[in-house]
Protein chains: 2
Amino acid sequence: MMGVSHIRHRNIVTAMDNPTAIASLTRLSAQPEPLRFGGKALRLGKLIDAGLPTPPGFAIASDEGMNGLLAAITTLEDEAGVRLGQGLLVSLRSSPVDEAAPTAPAILNIGLTAGAMDHITARVGARAALDLRRRLIQTFASASMDADPEAFENALYDRLKFAGEDSEDALDETALKALEADYLAIVRDETDQDFPEDAADQLSMGITALTRAWNAPTARIVRQAKGADPEVGQGLIVQVMSLGLGPEPSGAGVGALRSAQTGEVGVNGRFLPQAQGEDALMGMRTPRLLTRAAREEAGQNKPSLEELAPAAAAKIIELAEQAEVAIGDACNFEFTVEHGEVSVLDTQPLVANTRAAIRVAVELAESGAISREEAILRIEPGALTSHLHPMIADGAPRDVIGKGLPASPGAATGAIVFSPEAAEAAAAQERGVILVRVETSPEDIRGMHAATGVLTVRGGMTSHAAVIARGLGAPCVVGAGDIQLDQSARTLTTADGRVFSEGDTITLDGSAGEALAGVSELVQPEISGSFATLMGWADEARRMKVRANADTATDARVAQGFNVDGIGLCRTEHMFFEKGRINMMRRMILASEETDRRAALDQLLPMQRGDFVDLFTIMAGLPVTIRLLDPPLHEFLPHGENELRTLADDMDLPLRVVKDRADEMREFNPMLGNRGCRVGVAFPEIYEMQARAVFEAAIIAGEQTGAPVTPEIMIPLVSANRELELLTTRVEAVAEQVRRETGAPLTYHIGAMVETPRAALRAEDLASTAEFFSFGTNDLTQMTYGLSRDDAGRFMRDYVAKGVFPEDPFHSLDLEGVGELLLLAAERGRKGRPGITLGLCGEHGGDPASVRFCELAGFDYVSCSPFRAPIARLAAAQATILNRRGD
Amino acid sequence: MMGVSHIRHRNIVTAMDNPTAIASLTRLSAQPEPLRFGGKALRLGKLIDAGLPTPPGFAIASDEGMNGLLAAITTLEDEAGVRLGQGLLVSLRSSPVDEAAPTAPAILNIGLTAGAMDHITARVGARAALDLRRRLIQTFASASMDADPEAFENALYDRLKFAGEDSEDALDETALKALEADYLAIVRDETDQDFPEDAADQLSMGITALTRAWNAPTARIVRQAKGADPEVGQGLIVQVMSLGLGPEPSGAGVGALRSAQTGEVGVNGRFLPQAQGEDALMGMRTPRLLTRAAREEAGQNKPSLEELAPAAAAKIIELAEQAEVAIGDACNFEFTVEHGEVSVLDTQPLVANTRAAIRVAVELAESGAISREEAILRIEPGALTSHLHPMIADGAPRDVIGKGLPASPGAATGAIVFSPEAAEAAAAQERGVILVRVETSPEDIRGMHAATGVLTVRGGMTSHAAVIARGLGAPCVVGAGDIQLDQSARTLTTADGRVFSEGDTITLDGSAGEALAGVSELVQPEISGSFATLMGWADEARRMKVRANADTATDARVAQGFNVDGIGLCRTEHMFFEKGRINMMRRMILASEETDRRAALDQLLPMQRGDFVDLFTIMAGLPVTIRLLDPPLHEFLPHGENELRTLADDMDLPLRVVKDRADEMREFNPMLGNRGCRVGVAFPEIYEMQARAVFEAAIIAGEQTGAPVTPEIMIPLVSANRELELLTTRVEAVAEQVRRETGAPLTYHIGAMVETPRAALRAEDLASTAEFFSFGTNDLTQMTYGLSRDDAGRFMRDYVAKGVFPEDPFHSLDLEGVGELLLLAAERGRKGRPGITLGLCGEHGGDPASVRFCELAGFDYVSCSPFRAPIARLAAAQATILNRRGD
């Protein structure tokens with residue numbers, strides 16, 4: 001043991017006096033905070049604990065010194081029954097704490113000093129021993145002594161040339177001996193040092209080298225680029241080597257139990273005889289497949305491992321299954337066959353797509369390898385979108401013609417149209433079209449319904465186009481500022497000058513925010529099977545309700561298909577854009593007297609009532625929250641001169657009057673204008689009509705379905721309790737009238753949409769009137785930041801890129817600002833009305849981090865686009881579980 | 001004392017068992033909370049305490065029962081040396097706690113029962129006794145027994161007719177005796193009760209009647225209409241009568257020491273022989289004037305009091321002077337002369353205009369009657385506007401042709417112009433013009449400078465027109481939606497169809513929010529004399545600094561004229577609208593490359609630097625806060641097709657490019673768009689140019705004036721600290737460059753404009769970077785309410801009228817919502833940087849209630865329009881005083 005004590009005297013191990021955490025791989029998972037050692041060490045420990053043939057070893061925790069290393073080595077030597085420097089070889093591997101971080105390659109065969117050659121020769125033969133020795137020199141000197149790897153490659157190349165061979169496994173003992181001498185000379189030349197012939201020196205130098213490599217500035221940059229925490233630590237694994245060289249069958253391979261594409265079970269992988277580590281993945285020799293079936297399917301000639309060594313192949317399949325159960329997750333693994341003995345040496349998580357990940361999680365839970373909760377926590381909710389929309393196939397060619405924001409996920413192919421009318425016409429002929437606009441307005445809604453996808457030049461993640469498209473579940477790219485539209489020529493010009501005309505086919509990738517030329521191969525959604533099972537578990541696990549934002553019967557049916565707990569936001573304004581209604585709406589708006597306005601509203605009443613009857617019937621007793629009219633009235637008026645003229649003719653009014661009225665109503669900042677309850681206060685007859693429609697519909701639907709309906713009426717854009725009081729009184733009076741007229745029982749709730757900072761601040765006040773709060777986080781975010789969602793798109797990407805905002809606050813809830821207002825409003829609201837119902841109905845309702853926040857805040861529900869409801873359901877389940885665990 | 005004990009048995013005095021607060025007028029001011037008894041009682045008490053001949057009495061506190069009434073009466077009887085019912089007569093007067101509340105008339109001569117007639121006859125003679133008796137019956141029965149006053153008037157009329165006389169003072173004993181019988185019969189007929197002949201009954205019934213009258217619903221409505229608190233209480237005064245009837249000289253009168261118009265000393269008033277109470281003010285007989293000089297000036301024949309009874313007149317003048325000192329305020333007073341003895345019976349505050357009120361307060365303080373602090377507290381700061389602007393003379397005829405919001409105070413007459421160009425042309429000819437626009441935009445600024453007043457059809461209190469006009473000190477009416485403009489015909493049509501053409505003369509009353517036809521008589525401002533004295537005292541008293549919002553050298557000079565402590569907000573954007581600059585600005589905006597942008601900025605630099613040199617030189621070392629560019633860049637581009645074409649020609653760019661760029665920059669909600677520091681983050685070269693201009697100018701001005709300049713650079717519209725960090729780094733780098741280039745010492749501060757709710761919430765964070773916060777309460781109010789100041793004007797009046805908002809939050813700070821954010825930001829800011837400088841620079845800086853709030857919050861300064869600086873200075877002084885007093 002001279003060599004080991006020698007470690008004390010080397011200056012490269014100055015960290016020796018620091019506190020240490022070195023632990024045996026055996027029962028590593030019983031260590032406090034085992035993740036300090038990295039995921040790889042932990043998985044190896046689990047394999048050892050499960051009795052799999054994994055060589056013993058120990059792990060060094062991240063950022064710890066090497067105090068205790070001597071003892072650990074001694075223990076390992078005892079376990080292996082052989083001493084380092086006397087035939088014990090070990091490997092040294094990086095085991096990062098964040099597995100997204102890339103690692104330096106492992107250093108193998110540590111301990112194969114000149115003095116150990118006899119021991120190894122006795123074990124695997126002289127040729128294999130020499131091969132292992134030259135592998136050690138090459139790898140070790142490159143990794144730990146700053147020698148140039150190319151020098152060794154050149155020497156090998158020269159020796160091969162001299163021997164007239166193509167591959168190093170054809171080199172004989174003599175050649176390998178000469179190569180060893182070449183390599184030792186290179187080390188001396190390159191590093192001015194001799195290759196260390198003390199086994200413990202080799203190990204300590206290797207540890208120092210891997211630590212230094214990890215902490216290098218470039219490594220931090222690479223980690224950041226890969227999405228890992230640049231400051232995260234690295235554990236290290238020292239493990240007894242199982243050698244892949246020597247008497248047949250010997251070799252090394254990599255494999256996986258499951259397909260990374262589908263998650264289906266079926267061992268796949270590669271094997272290389274007389275090889276070590278990742279030789280099977282890189283290197284000059286073609287590896288063998290593991291099974292005969294795989295070989296035949298691939299049309300390979302060289303026999304598979306199953307054919308070369310049937311027992312070893314069978315063992316590998318058996319071990320793959322055991323390994324998954326032991327680890328509790330699907331993984332790739334590295335194995336070695338040494339004279340027919342199989343060892344599992346290393347594992348990595350299987351980088352599966354979401355479909356595969358769901359299948360793995362569900363099957364592991366069903367087999368009992370993990371709990372259902374664990375399965376729920378395994379799946380990133382945001383990744384479910386790939387399940388819910390058609391997606392462009394992995395690896396399909398992409399001819400990008402425009403880049404914007406990924407406003408609504410999924411992919412669609414269709415012919416370009418530049419107007420909502422053209423979209424409707426095409427839809428009538430059942431042709432798929434992509435509606436391309438500078439931006440959309442409520443007048444485009446019918447066209448958007450007709451289109452299979454929407455592309456706009458302007459707008460942010462919560463622009464009109466984005467919000468409507470998400471509601472429709474249609475792929476949408478907004479803010480594609482690099483394309484130019486010429487409406488009159490009906491052309492679209494890309495940044496590189498290509499011109500596309502109406503009718504040309506393009507494909508939208510709403511998940512990536514890209515428009516592509518031509519047709520792309522699409523993968524269709526899959527929501528049954530494992531997906532359905534997982535969602536069922538999530539629904540059982542979650543505390544919070546998940547409702548959908550649904551404005552129409554169609555929306556409601558989609559929402560029901562996604563198993564929502566009700567409708568959290570029905571925006572009634574969209575109902576008025578339908579044909580036959582918009583004109584009545586305009587008549588109402590242009591009326592100068594209340595009586596004229598009421599006459600127009602009387603005609604809208606049965607239509608609106610019909611809408612609500614449908615909604616209530618579809619939702620069959622589930623709660624439905626109806627927001628009274630919210631947008632400024634001018635949004636219902638047309639803009640162009642011609643449209644105004646037509647309107648004037650229709651209304652039998654002078655053009656001048658119509659124009660003046662439209663002009664009067666124009667606003668500088670419509671988002672902050674005469675909208676929401678301000679319209680209700682100014683024209684209470686509008687809200688009265690809507691309330692009547694809701695109440696009458698509730699009675700009708702209740703009678704028709706037998707499920708009593710308790711509608712929730714929501715008053716938007718409140719900033720003072722007096723607004724609520726005034727309007728609540730009106731709505732209650734209507735309810736009383738309807739009760740008297742129909743003699744039917746009628747229950748209902750009136751609440752406030754809390755979407756101005758002032759409403760949040762005054763929540764205690766508001767709660768004296770409101771029976772529920774629904775947080776409209778889109779507008780609340782706008783007002784808290786002083787940032788219009790429609791205008792933010794132009795600079796948000798830049799802002800996020802510069803790190804000014806960590807994320808787009810319209811996409812993921814700004815916890816520090818908007819979040820504080822929500823917490824404050826929840827607290828004050830509960831003070832004003834203990835047990836008040838609290839929900840969130842902004843776009844954030846479909847964002848997992850925001851859902852987690854709502855769970856922590858104890859909200860009763862989140863409401864989001866129907867197409868994001870599964871994401872919210874899964875996120876809510878995860879939040880419940882994590883919250884209960886106190887994470 | 002039978003009568004008094006009798007009170008116990010009357011059910012109208014059921015309040016008897018309640019706790020009572022009855023106190024003698026003597027030393028009333030030493031009572032706890034003497035204002036419970038009303039201001040009138042308190043003033044009478046002060047007169048008695050000062051030894052003036054005011055009859056003794058006691059006061060009943062507001063809303064208290066009458067427990068203790070018996071004792072009080074007994075004390076009063078002892079003091080007067082005569083018992084009620086045996087010749088002691090008392091008056092009963094209302095003494096409201098809020099003196100804005102109108103009161104019921106006093107009931108006089110209580111105690112003149114049939115049984116007391118002998119005592120009174122012995123005192124004033126039979127005829128006068130009978131006259132007093134019929135006065136009591138008439139007044140008492142009307143006030144306390146619901147008798148119809150007209151019945152008594154008719155009876156009197158009949159008796160006068162029968163006697164062939166015009167006036168009741170001509171009725172003889174016989175006639176008055178008959179009239180007494182008539183009156184007693186009327187009481188019986190009208191009320192089914194006898195006139196109460198028990199003195200104590202009379203008093204208790206009177207008290208009940210006045211209390212009931214005060215609490216009547218109509219009285220509440222009237223109080224509200226008069227601007228008093230409808231729920232305020234009423235004290236009552238019971239006071240020994242001094243009789244104005246009887247041996248000559250006897251009579252009653254009213255007077256005041258000072259002119260209510262000017263505040264100048266000079267007794268004025270009226271006197272009526274053989275009269276009581278307010279006879280001298282109403283009634284059929286013509287009163288006499290008090291002095292011979294006044295009589296001669298008025299050209300009256302009947303001798304004045306001075307001529308009738310010189311000793312009494314002299315006494316009154318002496319008492320008037322003493323009364324003012326005793327009360328410590330100017331007042332009207334009511335006096336009685338009984339056989340030559342003068343008594344002061346009642347006082348009311350002199351309803352003086354602001355100029356008079358200031359003079360009174362200053363003279364009283366100079367005489368030592370009140371303290372300077374008291375003088376400061378006397379003047380309503382908002383009323384100072386009448387001192388600072390020309391006003392339409394009181395009583396001048398008003399032909400209102402349009403009503404809008406009083407956006408900027410003062411009045412101006414001029415010819416109508418409909419374009420800024422026409423305004424400039426007229427100004428060149430030194431003609432006063434009123435600029436009439438639908439709304440104004442930055443392009444109108446030069447025209448607004450040229451106009452003497454601005455009238456707009458659209459816009460709220462903080463619309464562009466309103467803000468600019470207030471800055472200019474020009475009268476402005478905005479949102480006059482009842483007038484219609486025809487720009488092509490150059491006419492203005494009023495709601496009633498009158499048409500005014502360009503060149504027609506109108507007058508704007510910016511204080512009332514009215515446009516008037518023709519020329520109106522104006523009163524010019526007066527800021528020397530008492531005003532200057534008062535402001536000097538205010539400046540000594542206040543803790544907070546008052547700065548001005550000033551964008552130009554002209555503004556700065558005006559601000560200096562108003563003795564401000566610095567500039568709290570210099571909006572640099574206005575500097576770029578000047579001729580020769582706007583084109584350079586547009587060239588900068590239209591540049592597609594940073595180098596082109598920098599070239600244009602290089603040309604703007606010397607101009608901007610010149611601006612700052614002027615500002616710093618004028619302010620001579622006082623702090624100047626410069627806000628870096630705030631508006632969205634598209635505000636600098638022209639709108640019309642023709643203007644765009646001209647611009648394209650100037651820039652040598654294709655029209656298409658200019659239009660596309662303008663179109664790209666258009667925003668849905670500019671208020672929430674790409675403005676403020678977002679522009680700075682996107683184009684840091686703009687802020688760098690501005691910072692360089694500031695620093696170079698600071699060095700130049702410091703060298704020129706010898707007063708070192710420490711500029712304060714303010715970054716607008718911050719919502720995250722990262723924005724501040726990025727821009728602060730840039731500004732600091734420029735400072736370092738300038739230091740290196742010039743070798744001059746340079747100190748400066750960088751701070752944040754806190755105007756988004758998020759900035760307020762994240763204040764602790766921001767304070768780690770910002771050396772000061774300036775609260776931009778205009779924008780903060782907009783965002784907290786979700787309400788655009790430009791669009792709110794259309795419904796704000798209605799909202800305030802309906803009580804939805806108690807006040808326009810853009811006018812008076814919303815303490816409950818916006819105020820909470822300010823307090824929270826102040827607290828967090830101080831946590832992040834102890835001692836951080838805090839100021840407020842919104843329009844609210846000139847609103848007294850908001851200034852008070854800032855004092856309570858411990859802000860360092862408020863900044864407002866120069867023309868409101870005196871208001872802010874006075875309000876700040878009042879706030880300091882009240883705060884110190886703990887009020």
# chains A, B, ... in the order shown; residues from 1 in each chain; ligands from 1

call {"tool": "select_by_dssp", "arguments": {"residues": "region 698-844 of chain A", "states": "alpha helix (DSSP H)", "output": "PyMOL selection string"}}
result
chain A and resi 698-705+721-742+757-761+763-767+777-785+789-801+818-832

call {"tool": "residues_around", "arguments": {"residues": "Gly751 (chain A)", "least_positions_apart": "4", "cutoff": "7 Å", "atoms": "only C-alpha atoms", "output": "number ranges by chain"}}
result
A: 713-715, 770-773

call {"tool": "closest_atom_pairs", "arguments": {"of": "chain B", "to": "chain A", "cutoff": "6 Å", "atoms": "only C-alpha atoms", "output": "CSV"}}
result
residue,atom,partner,partner_atom,distance
B:Asn669,CA,A:Asn669,CA,4.4
B:Leu672,CA,A:Leu787,CA,4.3
B:Gly673,CA,A:Asp791,CA,5.5
B:Ser719,CA,A:Tyr785,CA,5.7
B:Arg722,CA,A:Val804,CA,5.2
B:Glu723,CA,A:Val804,CA,5.9
B:Thr756,CA,A:Gly786,CA,5.7
B:Pro757,CA,A:Thr784,CA,4.8
B:Arg758,CA,A:Thr784,CA,5.1
B:Met783,CA,A:Met783,CA,4.9
B:Thr784,CA,A:Pro757,CA,4.8
B:Tyr785,CA,A:Arg758,CA,5.6
B:Gly786,CA,A:Leu672,CA,5.0
B:Leu787,CA,A:Leu672,CA,4.3
B:Ser788,CA,A:Leu672,CA,4.7
B:Asp791,CA,A:Gly673,CA,5.6
B:Val804,CA,A:Arg722,CA,5.2
B:Gly817,CA,A:Arg758,CA,5.4

call {"tool": "select_by_dssp", "arguments": {"residues": "region 518-761 of chain A", "states": "strand (DSSP E or B)", "output": "list in words"}}
result
Leu522, Val523, Lys545, Val546, Arg547, Ala548, Asn549, Ile567, Gly568, Leu569, Cys570, Arg571, Val624, Thr625, Ile626, Arg627, Glu712, Ile713, Met714, Ile715, His749, Ile750, Gly751, Ala752, Met753 and Val754 of chain A

call {"tool": "write_last_selection", "arguments": {"atoms": "C-alpha atoms", "output": "mmCIF file, in the first residue's frame"}}
result
data_model
loop_
_atom_site.group_PDB
_atom_site.id
_atom_site.type_symbol
_atom_site.label_atom_id
_atom_site.label_comp_id
_atom_site.auth_asym_id
_atom_site.auth_seq_id
_atom_site.Cartn_x
_atom_site.Cartn_y
_atom_site.Cartn_z
ATOM 1 C CA LEU A 522 -47.536 15.209 -39.436
ATOM 2 C CA VAL A 523 -47.951 12.848 -36.476
ATOM 3 C CA LYS A 545 -60.692 21.741 -10.032
ATOM 4 C CA VAL A 546 -59.791 22.393 -13.625
ATOM 5 C CA ARG A 547 -62.292 24.282 -15.702
ATOM 6 C CA ALA A 548 -62.176 25.376 -19.303
ATOM 7 C CA ASN A 549 -62.523 28.749 -20.938
ATOM 8 C CA ILE A 567 -66.558 26.281 -17.507
ATOM 9 C CA GLY A 568 -64.540 28.907 -15.705
ATOM 10 C CA LEU A 569 -64.871 31.634 -18.292
ATOM 11 C CA CYS A 570 -67.520 32.067 -20.957
ATOM 12 C CA ARG A 571 -66.758 35.295 -22.812
ATOM 13 C CA VAL A 624 -70.522 27.567 -15.713
ATOM 14 C CA THR A 625 -69.126 31.056 -15.135
ATOM 15 C CA ILE A 626 -70.481 33.634 -17.537
ATOM 16 C CA ARG A 627 -68.644 36.889 -17.907
ATOM 17 C CA GLU A 712 -72.173 32.039 -11.964
ATOM 18 C CA ILE A 713 -72.334 35.563 -13.299
ATOM 19 C CA MET A 714 -69.040 37.383 -13.435
ATOM 20 C CA ILE A 715 -68.609 41.134 -13.629
ATOM 21 C CA HIS A 749 -73.814 33.369 -7.801
ATOM 22 C CA ILE A 750 -72.465 36.777 -8.668
ATOM 23 C CA GLY A 751 -68.739 37.372 -8.577
ATOM 24 C CA ALA A 752 -66.018 39.663 -9.745
ATOM 25 C CA MET A 753 -63.287 39.193 -12.268
ATOM 26 C CA VAL A 754 -60.245 40.490 -10.431
#

call {"tool": "residues_around", "arguments": {"residues": "region 106-117 of chain B", "least_positions_apart": "2", "cutoff": "6 Å", "atoms": "only C-alpha atoms", "output": "PyMOL selection string"}}
result
chain B and resi 84-87+89-93+119-121+136+197+199

call {"tool": "residues_around", "arguments": {"residues": "Arg378 (chain B)", "least_positions_apart": "3", "cutoff": "8 Å", "atoms": "only C-alpha atoms", "output": "list in words"}}
result
Ala357, Ala361, Glu374 and Ala375 of chain B

call {"tool": "residues_around", "arguments": {"residues": "region 32-34 of chain A", "least_positions_apart": "3", "cutoff": "12 Å", "atoms": "only C-alpha atoms", "output": "compact mmCIF listing (two decimals) with N, CA, C and O atoms, in the first residue's frame"}}
result
# COMPACT_ATOMS: atom_id res chain seq x y z
N ALA A 21 -17.19 13.40 1.61
CA ALA A 21 -18.33 12.48 1.61
C ALA A 21 -18.06 11.45 0.56
O ALA A 21 -18.23 11.69 -0.62
N ILE A 22 -17.57 10.36 1.00
CA ILE A 22 -17.32 9.22 0.11
C ILE A 22 -18.14 8.08 0.65
O ILE A 22 -18.16 7.83 1.86
N ALA A 23 -18.88 7.41 -0.23
CA ALA A 23 -19.74 6.33 0.25
C ALA A 23 -19.70 5.18 -0.72
O ALA A 23 -19.56 5.37 -1.93
N SER A 24 -19.85 4.01 -0.19
CA SER A 24 -19.91 2.81 -1.04
C SER A 24 -21.15 2.88 -1.91
O SER A 24 -22.19 3.42 -1.52
N LEU A 25 -21.05 2.35 -3.14
CA LEU A 25 -22.24 2.28 -3.99
C LEU A 25 -23.31 1.41 -3.33
O LEU A 25 -24.51 1.66 -3.48
N THR A 26 -22.86 0.43 -2.60
CA THR A 26 -23.80 -0.45 -1.91
C THR A 26 -24.58 0.37 -0.88
O THR A 26 -23.98 1.07 -0.07
N ARG A 27 -25.88 0.31 -0.97
CA ARG A 27 -26.78 1.06 -0.08
C ARG A 27 -26.53 2.58 -0.16
O ARG A 27 -26.75 3.31 0.81
N LEU A 28 -26.15 3.01 -1.32
CA LEU A 28 -25.93 4.46 -1.49
C LEU A 28 -27.23 5.23 -1.30
O LEU A 28 -27.25 6.35 -0.77
N SER A 29 -28.36 4.61 -1.73
CA SER A 29 -29.62 5.34 -1.66
C SER A 29 -30.06 5.56 -0.22
O SER A 29 -30.92 6.39 0.05
N PHE A 37 -24.33 12.60 -4.93
CA PHE A 37 -23.38 11.74 -5.64
C PHE A 37 -23.69 11.66 -7.13
O PHE A 37 -22.98 11.02 -7.88
N GLY A 38 -24.80 12.33 -7.51
CA GLY A 38 -25.20 12.28 -8.93
C GLY A 38 -26.14 11.11 -9.18
O GLY A 38 -26.15 10.11 -8.46
N GLY A 39 -26.93 11.26 -10.23
CA GLY A 39 -27.95 10.25 -10.55
C GLY A 39 -27.32 8.93 -10.98
O GLY A 39 -27.84 7.85 -10.69
N LYS A 40 -26.20 9.02 -11.66
CA LYS A 40 -25.57 7.81 -12.19
C LYS A 40 -25.11 6.92 -11.05
O LYS A 40 -25.36 5.70 -11.05
N ALA A 41 -24.47 7.50 -10.04
CA ALA A 41 -24.01 6.73 -8.88
C ALA A 41 -25.19 6.09 -8.16
O ALA A 41 -25.15 4.93 -7.76
N LEU A 42 -26.25 6.89 -8.06
CA LEU A 42 -27.42 6.39 -7.34
C LEU A 42 -28.03 5.19 -8.07
O LEU A 42 -28.42 4.19 -7.44
N ARG A 43 -28.10 5.28 -9.38
CA ARG A 43 -28.66 4.16 -10.15
C ARG A 43 -27.79 2.91 -10.01
O ARG A 43 -28.29 1.80 -9.84
N LEU A 44 -26.46 3.10 -10.08
CA LEU A 44 -25.57 1.95 -9.92
C LEU A 44 -25.77 1.31 -8.56
O LEU A 44 -25.80 0.08 -8.42
N GLY A 45 -25.90 2.15 -7.54
CA GLY A 45 -26.14 1.65 -6.19
C GLY A 45 -27.40 0.82 -6.14
O GLY A 45 -27.44 -0.24 -5.50
N LYS A 46 -28.45 1.31 -6.82
CA LYS A 46 -29.71 0.57 -6.81
C LYS A 46 -29.55 -0.80 -7.49
O LYS A 46 -30.15 -1.79 -7.06
N ALA A 59 -18.59 6.16 -4.34
CA ALA A 59 -18.87 7.44 -5.01
C ALA A 59 -18.38 8.58 -4.14
O ALA A 59 -18.37 8.48 -2.91
N ILE A 60 -17.92 9.62 -4.80
CA ILE A 60 -17.46 10.83 -4.11
C ILE A 60 -18.50 11.91 -4.38
O ILE A 60 -18.86 12.16 -5.54
N ALA A 61 -18.97 12.53 -3.31
CA ALA A 61 -20.05 13.52 -3.49
C ALA A 61 -19.52 14.77 -4.17
O ALA A 61 -18.33 15.09 -4.11
N SER A 62 -20.43 15.48 -4.79
CA SER A 62 -20.11 16.70 -5.50
C SER A 62 -19.43 17.71 -4.58
O SER A 62 -19.87 17.92 -3.45
N SER A 95 -20.45 11.70 -12.44
CA SER A 95 -21.85 11.43 -12.10
C SER A 95 -22.50 12.77 -11.74
O SER A 95 -22.61 13.14 -10.58
N VAL A 97 -24.73 16.01 -10.87
CA VAL A 97 -25.93 16.19 -10.05
C VAL A 97 -27.11 16.59 -10.95
O VAL A 97 -28.24 16.21 -10.70
N GLY A 235 -20.68 14.50 -9.01
CA GLY A 235 -20.19 13.39 -8.21
C GLY A 235 -19.23 12.56 -9.05
O GLY A 235 -19.18 12.71 -10.27
